[in-house]
Each structure stands twice: as structure tokens, then as C-alpha cells.
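Notes to accompany the following structure.
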Amino acid sequence: MGNPVNKWLTRWLAAGVLLVLVQIILGGITRLTGSGLSITEWQPLLGALPPMNERSWRLSFEQYQQIAQFKKLNTGFTLADYQHIFFWEWLHREWARLIAIVFVVPFAIFLFKRLIPKSMVWPLIILFALGGLQGAIGWIMVQSGLNDTNVRVDHIRLAIHFSCALLLLCYLFWLFMKTTVHGKLYRSRTNRLLSFILILLGLQLIYGAFMAGTHAALSAPTWPDMNGALIPPNPFRGGQVIYRLTHDLIVIQVVHRSLAYLITVLILLRSFFVKGSALRWTPLVLVSVQVCLGVLSLTHSMFRSVLYFAVVHQLTGILLLLSLVAALYLQKIKPGRPPVV
């Protein structure tokens, strides 16, 4: 880390990790406040500024009044109400523009001055491609709610958008780790265990998006039971397994809860039996907090306070994901050159 090139590259990547993390949280707030459909058009340049006068605000509000979310849910909205939800969607998009500037401008400068190692050029180009793809998926998601029938965006598209954001974050974090911790990578059984936990956690986060996009918590807002039963009777009645796994609110919640219990047990086993591993206890602490926040989000799903629990629940889930990614990377470092953690 004494190399000034590595120092600036590391700081740049660290800033990117933080910016993307904040962007994902802003996306969660945008969804929870019902703000995602408040801006009905995508203007990468002209949209950087919000409406600047009364006439512009009225025009923007009139465009929002044409979609189902206003006609079916928010018919009583005043202009002030609209401005409140507009703020969160505008900030979410504005933060995306900030991320683009923070990435593109330093990259161009580093590339021009030949400060980026050749081995990092293509990984960074892939990073930009992932960022562009994420923006495109975001707009496709928003379009699913700009019509006369849907009052919210399609939850499948929401899950894809969220998953791509997490993929982008993890890829960026992995690049950051490569610039800070050096050593030869190798395979081990503990890597396989962590990889399996990460796969399960990825699936769990997808179901978290399903929970959020469908408001599935409202179908059974009790814990540890589900509307009086520990396990709902025959949740797959009538067949159509794939459809029920992705659209049935009770099934979605059953899967989400079950994965939470399984992941917690596996992380607990890892913490006790994989001795000497990197970040041994951090994931266990995070998953414990995550489960508690999940329960609070569920039991408060009918109240306005759910916003606070749900946002912190999402943040903790992302931090858990990053801790496992970091542990996986650190466990891959060849013995004899141990990282300092």
C-alpha cells in the first residue's frame, strides 16, 4: 500500500462502494415511501434539475395523475404530497448521476495518466457495463408501473433491479479487496461452505425484494407463527409451484422466513467450527441483528414505523452480504501471507 497509485485507486474504489451502498438504501426508501413512480419520464441530462417553478411542478403532477397509482391509491394527493414523493425518486436518480461522475471522471484521468494497472482495466470496464445495465433495468422496472392498471412496479423486475445492484456492489467490493489485500488465491472446503451460504443469502435477498414488492408481510404480520399456525396448511395447494413461489404472498413469506432460519444456522455452525477463519464472528453478529430487524419489520408492517425498521433491515442484510464476501476473499489468501484483519 506504499504505492501512491494503489493508494488513489483504493480510495476511488472505496468511495464507489460507499456510493453504491447509499444508492441501494435510497432505492429502498424510494420503494417504501411509494415514490418510485412519481417521475414518469427518464431524462438523463435535463432531468438532473427538479421543476423550478409553479408551472413546471403542475405539469409534472399532471403527468403523474395519468397513471394508475394516482387514480387508484393517491387521488387525494395535493401538490405538496406529490412533491414529497417526488423528492425521493429525484434523489435516487440524482445519486445515480453522482455515481456516474465519480466513476467516469477519475477513470478517464487515471487512464490518461496511465495510473491504472493493465490487469485492472478490463475489470473496471466490466464494472461500467454493470452500472449501465443497472440503470437500464431500473427504467424497465419503472415502466412496469406507468400504466392504467398497476399501482406499483412489477415485483419480479424489482427483484432483478435489486439483485443487479447487489451484484454491482459485490463486484466493486471484490475489486477493492484486490487492491488492499494481496496474496495467491486457493480453494478449500471452507470456501465451499461460504460460497453455499452466499448463494442462499443471494436467494434470500431476492425473496426480500419479493416481500417488499408485493407487501407480502401484510398477509401474515405475526411471529413466530403465521396467522396462528407455525406452518401454513398446504401452501402449494392447487399446483403451479413456480407461480406460487413467485406470486403467492404466503409462500413468498414462508420461503423468506425459512431461508432466514437456515442461513442463521449455517453461519452459526461456521462461526463455531471453522476456527481461524477470517471475520469469524462478524457475520454471526450481523445475521442475528438482521433476524431481529426482520421480525420487527414484519410485526410493524401495518404501521408507519415499518419504514425505519425496513430500511435498517435492508442495510444490515447488505452489510452481512459484504462481510461474507470479504470473508470469502480473505479465506482464499494462501497461508504464509496472512492478511491483517
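Ligands are numbered from 1 in the order shown, chains are lettered A, B, ... in the order of the C-alpha cells, and residues start at 1 in each chain.
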Spatial neighbours of A:Leu324, max dist 12 Å, only C-alpha atoms, sep filter under 2 positions, as an MDAnalysis selection string | chainID A and resid 170 173:174 190:191 193:202 263 267 270:271 277:287 317:322 326:331
Please identify all polymer residues within 9 Å of stretch 101-108 of chain A, counting only C-alpha atoms, omitting same-chain residues fewer than 5 positions from it, and present them as number ranges by chain.
-> A: 12-13, 15-16, 96, 113, 116, 124, 128
Against stretch 241-250 of chain A, which residues of stretch 86-187 of chain A fall within 12 Å? For each one I want the closest pair of atoms and the distance in Å (one decimal), counting only C-alpha atoms, rows by chain and increasing residue number, as a tab-separated table.
residue	atom	partner	partner_atom	distance
A:Asp154	CA	A:His247	CA	10.7
A:His155	CA	A:His247	CA	8.8
A:Ile156	CA	A:Thr246	CA	7.8
A:Arg157	CA	A:Thr246	CA	11.6
A:Ala159	CA	A:Thr246	CA	10.5
Neighbour list for stretch 203-205 of chain A as a PyMOL selection string, cut-off 8 Å, only C-alpha atoms, skip fewer than 4 positions in-chain | chain A and resi 163+199+209+256+259-260+317
So how many Å separate atom CA of A:Val142 and atom CA of A:Thr40, to one decimal?
->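 These two atoms are separated by 8.2 Å.
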Counting only C-alpha atoms, the residue of A:Ile29, A:Gly132, A:Ser35, A:Gly138 that sits nearest A:Val306 =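 Ranked by minimum distance to A:Val306, first place goes to A:Ile29.
Residues surrounding A:Leu296 within 10 Å are A:Pro221, A:Thr222, A:Trp223, A:Gln290, A:Ser305, A:Val306, A:Tyr308, A:Phe309, A:Ala310, A:His313 [only C-alpha atoms; sequence separation below 6 positions excluded].
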Report as a PyMOL selection string: the residues of stretch 8-121 of chain A with a DSSP assignment of alpha helix (DSSP H), based on the backbone of this structure.
-> chain A and resi 8-32+54-64+68+79-112+118-121
All residues 8 Å or closer to A:Ile39, only C-alpha atoms, same chain fewer than 4 positions away omitted, as a ChimeraX atom specification | /A:60,64,86,89-90
Restricting the calculation to only C-alpha atoms, which member of A:Gly76, A:Gly145, A:Gly131, A:Pro123 is positioned closest to A:Glu41?
->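 Looking at the shortest contact to A:Glu41, the residue is A:Gly145.
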